[in-house]
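input21.txt follows; it contains compact mmCIF, C-alpha atoms and all ligand atoms.
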# COMPACT_ATOMS: atom_id res chain seq x y z
CA MET M 16 97.07 100.52 120.77
CA LYS M 17 93.51 101.69 120.24
CA PRO M 18 90.56 99.55 121.36
CA ARG M 19 88.66 98.05 118.45
CA SER M 20 84.99 97.18 117.87
CA TYR M 21 84.09 93.89 116.32
CA LEU M 22 80.96 92.08 115.18
CA MET M 23 80.64 88.32 115.65
CA CYS M 24 77.82 85.77 115.33
CA PRO M 25 77.68 82.65 117.55
CA PRO M 26 77.88 79.32 115.67
CA ASP M 27 74.62 77.98 117.15
CA HIS M 28 73.45 76.75 113.75
CA PHE M 29 76.85 76.06 112.22
CA GLN M 30 77.27 72.91 110.14
CA VAL M 31 78.84 71.93 106.86
CA ALA M 32 75.69 71.08 104.92
CA TYR M 33 76.91 72.16 101.46
CA ALA M 34 80.23 72.78 99.75
CA ILE M 35 80.86 76.22 98.24
CA ASN M 36 84.63 76.30 98.73
CA PRO M 37 87.34 73.59 98.50
CA TRP M 38 87.62 73.26 102.31
CA MET M 39 84.01 72.19 102.85
CA ASP M 40 83.22 68.47 102.91
CA PRO M 41 79.64 67.70 104.02
CA ASP M 42 80.71 64.08 104.74
CA LEU M 43 83.24 65.16 107.36
CA PRO M 44 81.70 65.31 110.86
CA VAL M 45 81.64 68.64 112.69
CA ASP M 46 81.64 68.73 116.49
CA ALA M 47 79.02 71.41 117.10
CA GLU M 48 79.68 71.63 120.83
CA LEU M 49 83.41 72.08 120.26
CA ALA M 50 82.71 74.69 117.58
CA GLY M 51 80.72 76.65 120.15
CA LYS M 52 83.45 76.42 122.78
CA GLN M 53 86.17 77.46 120.34
CA TRP M 54 84.12 80.41 119.12
CA LEU M 55 83.49 81.54 122.70
CA ARG M 56 87.21 81.36 123.45
CA LEU M 57 87.87 83.57 120.41
CA ARG M 58 85.29 86.08 121.58
CA GLU M 59 86.77 86.09 125.12
CA THR M 60 90.28 86.48 123.74
CA LEU M 61 89.31 89.66 121.89
CA ALA M 62 87.55 91.00 124.99
CA GLU M 63 90.56 90.21 127.18
CA LEU M 64 92.72 92.26 124.80
CA GLY M 65 90.48 95.23 125.60
CA HIS M 66 88.25 95.22 122.54
CA THR M 67 84.45 95.41 122.27
CA VAL M 68 82.59 92.55 120.64
CA HIS M 69 79.05 93.12 119.36
CA GLU M 70 76.86 90.15 118.54
CA LEU M 71 74.69 89.34 115.58
CA ALA M 72 71.91 86.87 116.45
CA PRO M 73 72.34 83.41 114.87
CA VAL M 74 69.56 82.19 112.57
CA PRO M 75 68.50 78.57 111.96
CA GLY M 76 69.16 77.48 108.38
CA LEU M 77 72.03 79.95 107.92
CA PRO M 78 75.08 77.87 108.94
CA ASP M 79 77.63 80.29 107.46
CA LEU M 80 76.31 83.35 109.33
CA VAL M 81 79.07 82.62 111.85
CA TYR M 82 81.50 84.04 109.27
CA ALA M 83 80.36 87.55 110.14
CA ALA M 84 83.19 89.25 108.25
CA ASN M 85 81.46 88.45 104.97
CA GLY M 86 78.35 90.48 105.82
CA GLY M 87 79.66 94.00 105.35
CA PHE M 88 82.39 96.58 105.18
CA ALA M 89 81.97 99.26 107.85
CA LEU M 90 83.99 102.46 107.86
CA ASP M 91 83.39 106.15 108.69
CA GLY M 92 79.80 105.56 109.79
CA ILE M 93 78.84 103.83 106.55
CA ALA M 94 78.22 100.09 106.15
CA LEU M 95 78.25 98.59 102.70
CA GLY M 96 76.22 95.41 103.05
CA ALA M 97 76.63 92.05 101.38
CA ARG M 98 75.34 90.41 98.24
CA PHE M 99 76.47 86.80 98.32
CA ARG M 100 77.68 84.82 95.32
CA HIS M 101 76.15 81.51 96.39
CA PRO M 102 72.38 81.02 96.87
CA GLN M 103 72.97 79.18 100.16
CA ARG M 104 74.20 82.43 101.74
CA VAL M 105 71.93 85.04 100.10
CA ALA M 106 69.56 85.32 103.08
CA GLU M 107 72.41 86.29 105.42
CA ALA M 108 72.56 89.77 103.89
CA ALA M 109 69.23 90.85 105.43
CA GLU M 110 70.43 89.86 108.91
CA HIS M 111 73.49 92.07 108.55
CA ARG M 112 71.45 94.90 107.09
CA ARG M 113 69.10 94.90 110.06
CA TRP M 114 72.03 94.93 112.49
CA TYR M 115 73.68 97.96 110.86
CA GLU M 116 70.42 99.85 110.59
CA GLN M 117 69.62 99.21 114.25
CA HIS M 118 73.08 100.24 115.40
CA GLY M 119 73.42 103.66 113.84
CA TRP M 120 75.28 102.92 110.63
CA ARG M 121 74.21 104.38 107.30
CA TYR M 122 73.47 101.26 105.28
CA VAL M 123 74.37 101.08 101.59
CA ALA M 124 73.22 98.08 99.53
CA PRO M 125 75.76 96.64 97.11
CA THR M 126 74.80 96.53 93.45
CA ALA M 127 77.08 93.59 92.52
CA VAL M 128 78.42 90.56 94.39
CA ALA M 129 80.02 91.80 97.61
CA GLU M 130 81.20 89.57 100.45
CA GLY M 131 82.20 92.26 102.92
CA GLU M 132 85.51 92.09 104.70
CA GLY M 133 86.08 88.70 103.14
CA ASP M 134 87.27 90.68 100.12
CA LEU M 135 87.66 94.27 101.36
CA LEU M 136 90.35 95.20 103.86
CA TRP M 137 91.10 98.63 105.32
CA THR M 138 94.77 99.56 105.66
CA GLY M 139 94.21 102.95 107.29
CA GLY M 140 94.26 104.91 104.04
CA LEU M 141 93.60 102.48 101.24
CA ILE M 142 91.08 99.71 100.80
CA LEU M 143 92.47 96.47 99.40
CA GLY M 144 89.87 94.63 97.33
CA GLY M 145 89.94 91.00 96.23
CA TYR M 146 88.11 89.67 93.18
CA GLY M 147 88.14 86.55 91.03
CA PHE M 148 85.99 84.16 93.07
CA ARG M 149 83.37 86.04 95.10
CA THR M 150 83.29 89.85 95.18
CA GLN M 151 82.97 91.45 91.73
CA LEU M 152 85.13 94.28 90.38
CA ALA M 153 82.07 96.52 90.06
CA THR M 154 81.83 96.42 93.86
CA HIS M 155 85.32 97.89 94.15
CA GLN M 156 84.11 100.88 92.12
CA GLN M 157 81.04 101.21 94.32
CA VAL M 158 83.28 101.09 97.40
CA GLN M 159 85.47 103.93 96.06
CA GLU M 160 82.44 106.09 95.33
CA THR M 161 80.82 105.27 98.67
CA PHE M 162 83.76 105.72 101.01
CA GLY M 163 86.07 108.03 99.05
CA TYR M 164 89.23 106.01 99.47
CA PRO M 165 91.19 104.36 96.68
CA VAL M 166 90.48 100.67 96.23
CA ILE M 167 93.40 98.60 95.04
CA SER M 168 91.90 95.70 93.08
CA LEU M 169 93.79 92.44 93.49
CA ARG M 170 92.99 89.33 91.48
CA LEU M 171 92.83 86.06 93.39
CA VAL M 172 93.75 82.95 91.38
CA ASP M 173 93.88 79.97 93.79
CA PRO M 174 90.44 78.51 94.67
CA ARG M 175 91.67 77.52 98.15
CA PHE M 176 92.18 81.22 98.83
CA TYR M 177 88.84 82.38 97.47
CA HIS M 178 88.50 85.41 99.72
CA LEU M 179 91.15 88.11 100.09
CA ASP M 180 91.20 87.55 103.86
CA THR M 181 92.51 84.01 103.38
CA ALA M 182 95.55 85.33 101.47
CA LEU M 183 96.28 88.73 103.00
CA ALA M 184 96.06 90.34 106.41
CA VAL M 185 96.43 93.90 107.65
CA LEU M 186 98.72 93.78 110.67
CA SER M 187 98.86 97.49 111.39
CA ASP M 188 96.44 100.12 110.08
CA THR M 189 97.41 102.89 112.46
CA ALA M 190 99.13 104.76 109.62
CA ALA M 191 100.36 107.33 112.12
CA ALA M 192 102.99 108.96 109.93
CA PRO M 193 105.79 108.14 109.46
CA VAL M 194 104.87 104.52 110.29
CA PRO M 195 103.26 102.97 107.22
CA PRO M 196 100.57 100.28 107.50
CA GLN M 197 101.90 96.78 107.48
CA ILE M 198 100.39 93.75 105.79
CA ALA M 199 101.20 90.07 105.41
CA TYR M 200 100.33 88.04 102.32
CA PHE M 201 100.92 84.88 100.33
CA PRO M 202 101.99 86.02 96.83
CA GLY M 203 100.97 82.70 95.20
CA ALA M 204 97.29 83.42 95.85
CA PHE M 205 97.39 86.42 93.50
CA SER M 206 97.85 86.90 89.78
CA PRO M 207 101.50 87.77 89.03
CA ALA M 208 100.57 91.40 88.31
CA SER M 209 98.54 91.74 91.51
CA ALA M 210 101.42 90.27 93.52
CA ARG M 211 103.68 92.88 91.92
CA ILE M 212 101.28 95.64 92.94
CA LEU M 213 101.46 94.43 96.53
CA GLY M 214 105.25 94.32 96.32
CA ARG M 215 105.34 97.91 95.10
CA LEU M 216 102.86 99.28 97.63
CA PHE M 217 104.09 97.32 100.62
CA PRO M 218 107.82 96.67 100.27
CA ASP M 219 108.04 95.91 104.00
CA ALA M 220 105.25 93.32 104.04
CA LEU M 221 105.61 89.99 105.79
CA ILE M 222 105.67 87.34 103.10
CA ALA M 223 103.82 84.16 104.03
CA ASP M 224 104.24 80.84 102.26
CA GLU M 225 101.73 78.27 101.10
CA THR M 226 101.93 76.32 104.37
CA ASP M 227 101.09 79.46 106.36
CA ALA M 228 98.16 80.29 104.09
CA ALA M 229 96.85 76.69 104.04
CA ALA M 230 96.89 76.69 107.86
CA PHE M 231 94.68 79.83 107.68
CA GLY M 232 97.61 81.72 109.17
CA LEU M 233 96.68 84.87 107.24
CA ASN M 234 93.04 84.74 108.31
CA LEU M 235 93.94 86.69 111.40
CA VAL M 236 92.78 89.64 113.49
CA SER M 237 95.42 92.17 114.51
CA ASP M 238 95.03 95.20 116.76
CA GLY M 239 98.41 96.49 115.67
CA ARG M 240 100.22 94.63 118.43
CA HIS M 241 98.43 91.39 119.29
CA VAL M 242 97.67 89.07 116.42
CA VAL M 243 94.95 86.50 117.03
CA LEU M 244 95.39 83.58 114.67
CA ASN M 245 94.60 79.90 114.16
CA ALA M 246 96.72 77.73 116.50
CA GLU M 247 97.66 75.42 113.61
CA ALA M 248 99.51 78.28 111.93
CA THR M 249 102.69 77.87 113.95
CA GLY M 250 105.00 79.03 111.15
CA MET M 251 103.05 82.26 110.74
CA ALA M 252 103.10 82.81 114.52
CA GLY M 253 106.90 82.57 114.35
CA ARG M 254 107.12 85.11 111.53
CA LEU M 255 104.86 87.51 113.43
CA ALA M 256 106.88 87.19 116.63
CA ALA M 257 110.10 87.82 114.68
CA ALA M 258 108.53 91.01 113.28
CA GLY M 259 107.71 92.27 116.79
CA TYR M 260 104.03 91.30 117.07
CA THR M 261 102.57 89.16 119.84
CA PRO M 262 100.88 86.10 118.34
CA VAL M 263 97.78 84.94 120.24
CA PRO M 264 96.88 81.44 119.00
CA VAL M 265 93.30 80.15 119.25
CA GLU M 266 91.98 76.69 118.34
CA LEU M 267 89.37 76.86 115.57
CA SER M 268 89.46 73.33 114.13
CA GLU M 269 85.68 73.06 113.67
CA LEU M 270 85.07 76.38 111.93
CA LYS M 271 87.97 75.62 109.60
CA LYS M 272 85.82 72.80 108.18
CA GLY M 273 83.59 75.52 106.73
CA GLY M 274 86.55 77.18 105.06
CA GLY M 275 87.20 79.97 107.52
CA SER M 276 89.13 80.91 110.61
CA VAL M 277 89.66 83.86 112.95
CA LYS M 278 89.19 86.75 110.50
CA CYS M 279 86.17 85.22 108.82
CA CYS M 280 84.42 85.14 112.19
CA VAL M 281 85.27 88.74 113.12
CA LEU M 282 84.14 91.84 111.25
CA GLU M 283 85.82 95.05 112.35
CA LEU M 284 83.61 98.10 112.75
CA HIS M 285 85.99 100.87 111.70
CA ARG M 286 85.27 104.43 112.89
CA LYS M 287 81.55 104.46 113.46
CA ASN M 288 81.47 108.19 114.13
CA GLY M 289 82.82 109.42 110.84
CA ALA M 290 86.19 109.93 109.24
CA SER M 291 89.23 110.91 111.24
CA PRO M 292 89.93 114.67 110.80
CA VAL M 293 93.31 114.11 109.18
CA ALA M 294 93.22 111.58 106.39
CA PRO M 295 96.09 109.19 107.04
CA ALA M 296 98.60 108.53 104.30
CA PRO M 297 98.32 105.14 102.59
N1 LIG M 301 81.60 78.68 104.10
C1 LIG M 301 81.87 80.07 103.92
C2 LIG M 301 81.92 80.40 102.44
O1 LIG M 301 82.42 79.62 101.69
C3 LIG M 301 83.16 80.44 104.59
C4 LIG M 301 83.45 81.90 104.56
C5 LIG M 301 84.75 82.23 105.18
N2 LIG M 301 84.89 83.61 105.40
C6 LIG M 301 85.93 84.39 105.05
N3 LIG M 301 85.94 85.62 105.42
N4 LIG M 301 86.89 83.94 104.28
O2 LIG M 301 81.44 81.43 102.00

Let me see the structure of the file written as structure tokens.
Amino acid sequence: MKPRSYLMCPPDHFQVAYAINPWMDPDLPVDAELAGKQWLRLRETLAELGHTVHELAPVPGLPDLVYAANGGFALDGIALGARFRHPQRVAEAAEHRRWYEQHGWRYVAPTAVAEGEGDLLWTGGLILGGYGFRTQLATHQQVQETFGYPVISLRLVDPRFYHLDTALAVLSDTAAAPVPPQIAYFPGAFSPASARILGRLFPDALIADETDAAAFGLNLVSDGRHVVLNAEATGMAGRLAAAGYTPVPVELSELKKGGGSVKCCVLELHRKNGASPVAPAP
């Protein structure tokens, strides 16, 4: 199991002040102190598993900056930044840009709507791209031309699962032949054709149901062995354990009120120092 590098942003200014996804209700109270404690526990959990967590500084007036995964897609020394769909989040992109530029990544600005790892997931050979609610298809083309890996475009159709990372998770991206990458997904979040594409590419995937997805059970962070996921997603934890993974539940009740969970809060910095010498098979 290789140690991973992640980027997270503390929820110091987190609140649900607007509603840009079906989970957000500005009338529902958020316990800011609890949000902070839960976030810290998540950060510590990743560190205890042997991974490195980098921090992006929180900014007043940007409550969703805590969902750091939406700010970029970082692979092989290149970081494609973000261009947010909703005006409330537009200013977050500059914060991410500054972080990548200061930390030795070659920054590329997106030319269409791009919400980072919210809609772009690395499998170890392919990039899975979501579109339909946030990230635009044109971004998938830019990602292919920027990184040189095929992007599989998948259409999301259920507004509750507006980002790819709420409907699909990469469990294992080691791709050390002959072991293929493994994913988990909820087929109902995708158009029928996109679900068929996933079925063809990943016949051994873990299939999650609506209850798993609605508990944010797919919004997880896996290091290939340990899978950190929302404690409410007990069914998903059971499926993961049955498949040989070690589920590591964390409480994230407050950040869920913003429409996100573990994965949304954690961006993975994949291979800062360039591509691996042997391109892994998809
Ligand atoms: N309130 C944020 C939004 O609607 C939540 C983002 C969740 N992040 C994620 N990776 N799904 O944009």

Handout entry: Minimum-distance residue to ligand LIG 301 (chain M), chosen among M:Gln53, M:Ser209, M:Thr181, M:Gln159 (using all atoms listed in the file)
Key =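 Nearest to ligand LIG 301 (chain M): M:Thr181.
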
Exercise for the section: Return as a PyMOL selection string every polymer residue, whether protein, DNA or RNA, with at least one atom no more than 9 Å from an atom of ligand LIG 301 (chain M); count all atoms listed in the file. Expected result: chain M and resi 31+33-39+78-85+99-101+103-104+130-134+149+176-181+234+270-282

Completion exercise
atom CA of His241 of chain M to atom CA of His69 of chain M measures 19.5 Å

Exercise for the section: Find the residues around Ile93 of chain M up to 8 Å (only C-alpha atoms counted), leave out those fewer than 5 positions away in its own chain, and share them as a ChimeraX atom specification. Expected result: /M:120-123,162,287

Handout entry: Straight-line distance linking atom CA of Ala210 of chain M with atom CA of Met16 of chain M, stated in Å to one decimal
Key =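 About the pair atom CA of Ala210 of chain M and atom CA of Met16 of chain M: they are 29.4 Å apart.
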
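The interatomic distance for the pair atom CA of Glu247 of chain M and atom CA of Ser168 of chain M works out to 29.4 Å.
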
Kindly add N, CA and C atoms to the incomplete segment 123-144 of chain M and provide the output as a PDB file, in the coordinates of the input.
ATOM      1  N   VAL M 123      74.353 100.974 103.052  1.00  0.00           N
ATOM      2  CA  VAL M 123      74.370 101.080 101.590  1.00  0.00           C
ATOM      3  C   VAL M 123      74.305  99.661 101.028  1.00  0.00           C
ATOM      4  N   ALA M 124      73.368  99.424 100.116  1.00  0.00           N
ATOM      5  CA  ALA M 124      73.220  98.080  99.530  1.00  0.00           C
ATOM      6  C   ALA M 124      74.168  97.931  98.338  1.00  0.00           C
ATOM      7  N   PRO M 125      74.876  96.837  98.263  1.00  0.00           N
ATOM      8  CA  PRO M 125      75.760  96.640  97.110  1.00  0.00           C
ATOM      9  C   PRO M 125      74.969  96.332  95.850  1.00  0.00           C
ATOM     10  N   THR M 126      75.508  96.747  94.716  1.00  0.00           N
ATOM     11  CA  THR M 126      74.800  96.530  93.450  1.00  0.00           C
ATOM     12  C   THR M 126      75.387  95.347  92.672  1.00  0.00           C
ATOM     13  N   ALA M 127      76.494  94.790  93.138  1.00  0.00           N
ATOM     14  CA  ALA M 127      77.080  93.590  92.520  1.00  0.00           C
ATOM     15  C   ALA M 127      77.466  92.651  93.661  1.00  0.00           C
ATOM     16  N   VAL M 128      78.042  91.495  93.326  1.00  0.00           N
ATOM     17  CA  VAL M 128      78.420  90.560  94.390  1.00  0.00           C
ATOM     18  C   VAL M 128      79.448  91.224  95.310  1.00  0.00           C
ATOM     19  N   ALA M 129      79.158  91.172  96.603  1.00  0.00           N
ATOM     20  CA  ALA M 129      80.020  91.800  97.610  1.00  0.00           C
ATOM     21  C   ALA M 129      79.992  90.907  98.834  1.00  0.00           C
ATOM     22  N   GLU M 130      81.155  90.429  99.268  1.00  0.00           N
ATOM     23  CA  GLU M 130      81.200  89.570 100.450  1.00  0.00           C
ATOM     24  C   GLU M 130      82.003  90.232 101.571  1.00  0.00           C
ATOM     25  N   GLY M 131      81.714  91.528 101.759  1.00  0.00           N
ATOM     26  CA  GLY M 131      82.200  92.260 102.920  1.00  0.00           C
ATOM     27  C   GLY M 131      83.701  92.202 103.101  1.00  0.00           C
ATOM     28  N   GLU M 132      84.077  92.111 104.372  1.00  0.00           N
ATOM     29  CA  GLU M 132      85.510  92.090 104.700  1.00  0.00           C
ATOM     30  C   GLU M 132      86.195  90.794 104.262  1.00  0.00           C
ATOM     31  N   GLY M 133      85.431  89.850 103.751  1.00  0.00           N
ATOM     32  CA  GLY M 133      86.080  88.700 103.140  1.00  0.00           C
ATOM     33  C   GLY M 133      86.990  89.161 102.006  1.00  0.00           C
ATOM     34  N   ASP M 134      86.538  90.195 101.286  1.00  0.00           N
ATOM     35  CA  ASP M 134      87.270  90.680 100.120  1.00  0.00           C
ATOM     36  C   ASP M 134      87.622  92.161 100.174  1.00  0.00           C
ATOM     37  N   LEU M 135      87.358  92.840 101.281  1.00  0.00           N
ATOM     38  CA  LEU M 135      87.660  94.270 101.360  1.00  0.00           C
ATOM     39  C   LEU M 135      88.368  94.528 102.688  1.00  0.00           C
ATOM     40  N   LEU M 136      89.607  94.987 102.614  1.00  0.00           N
ATOM     41  CA  LEU M 136      90.350  95.200 103.860  1.00  0.00           C
ATOM     42  C   LEU M 136      90.885  96.625 103.922  1.00  0.00           C
ATOM     43  N   TRP M 137      90.705  97.233 105.074  1.00  0.00           N
ATOM     44  CA  TRP M 137      91.100  98.630 105.320  1.00  0.00           C
ATOM     45  C   TRP M 137      92.532  98.664 105.825  1.00  0.00           C
ATOM     46  N   THR M 138      93.379  99.469 105.195  1.00  0.00           N
ATOM     47  CA  THR M 138      94.770  99.560 105.660  1.00  0.00           C
ATOM     48  C   THR M 138      95.022 100.822 106.469  1.00  0.00           C
ATOM     49  N   GLY M 139      94.008 101.681 106.599  1.00  0.00           N
ATOM     50  CA  GLY M 139      94.210 102.950 107.290  1.00  0.00           C
ATOM     51  C   GLY M 139      94.297 104.108 106.314  1.00  0.00           C
ATOM     52  N   GLY M 140      94.195 103.848 105.034  1.00  0.00           N
ATOM     53  CA  GLY M 140      94.260 104.910 104.040  1.00  0.00           C
ATOM     54  C   GLY M 140      93.806 104.413 102.677  1.00  0.00           C
ATOM     55  N   LEU M 141      94.013 103.143 102.483  1.00  0.00           N
ATOM     56  CA  LEU M 141      93.600 102.480 101.240  1.00  0.00           C
ATOM     57  C   LEU M 141      92.661 101.345 101.611  1.00  0.00           C
ATOM     58  N   ILE M 142      91.871 100.927 100.627  1.00  0.00           N
ATOM     59  CA  ILE M 142      91.080  99.710 100.800  1.00  0.00           C
ATOM     60  C   ILE M 142      91.629  98.692  99.795  1.00  0.00           C
ATOM     61  N   LEU M 143      91.999  97.532 100.282  1.00  0.00           N
ATOM     62  CA  LEU M 143      92.470  96.470  99.400  1.00  0.00           C
ATOM     63  C   LEU M 143      91.268  95.601  99.054  1.00  0.00           C
ATOM     64  N   GLY M 144      91.040  95.380  97.771  1.00  0.00           N
ATOM     65  CA  GLY M 144      89.870  94.630  97.330  1.00  0.00           C
ATOM     66  C   GLY M 144      90.260  93.381  96.567  1.00  0.00           C
TER      67      GLY M 144
END
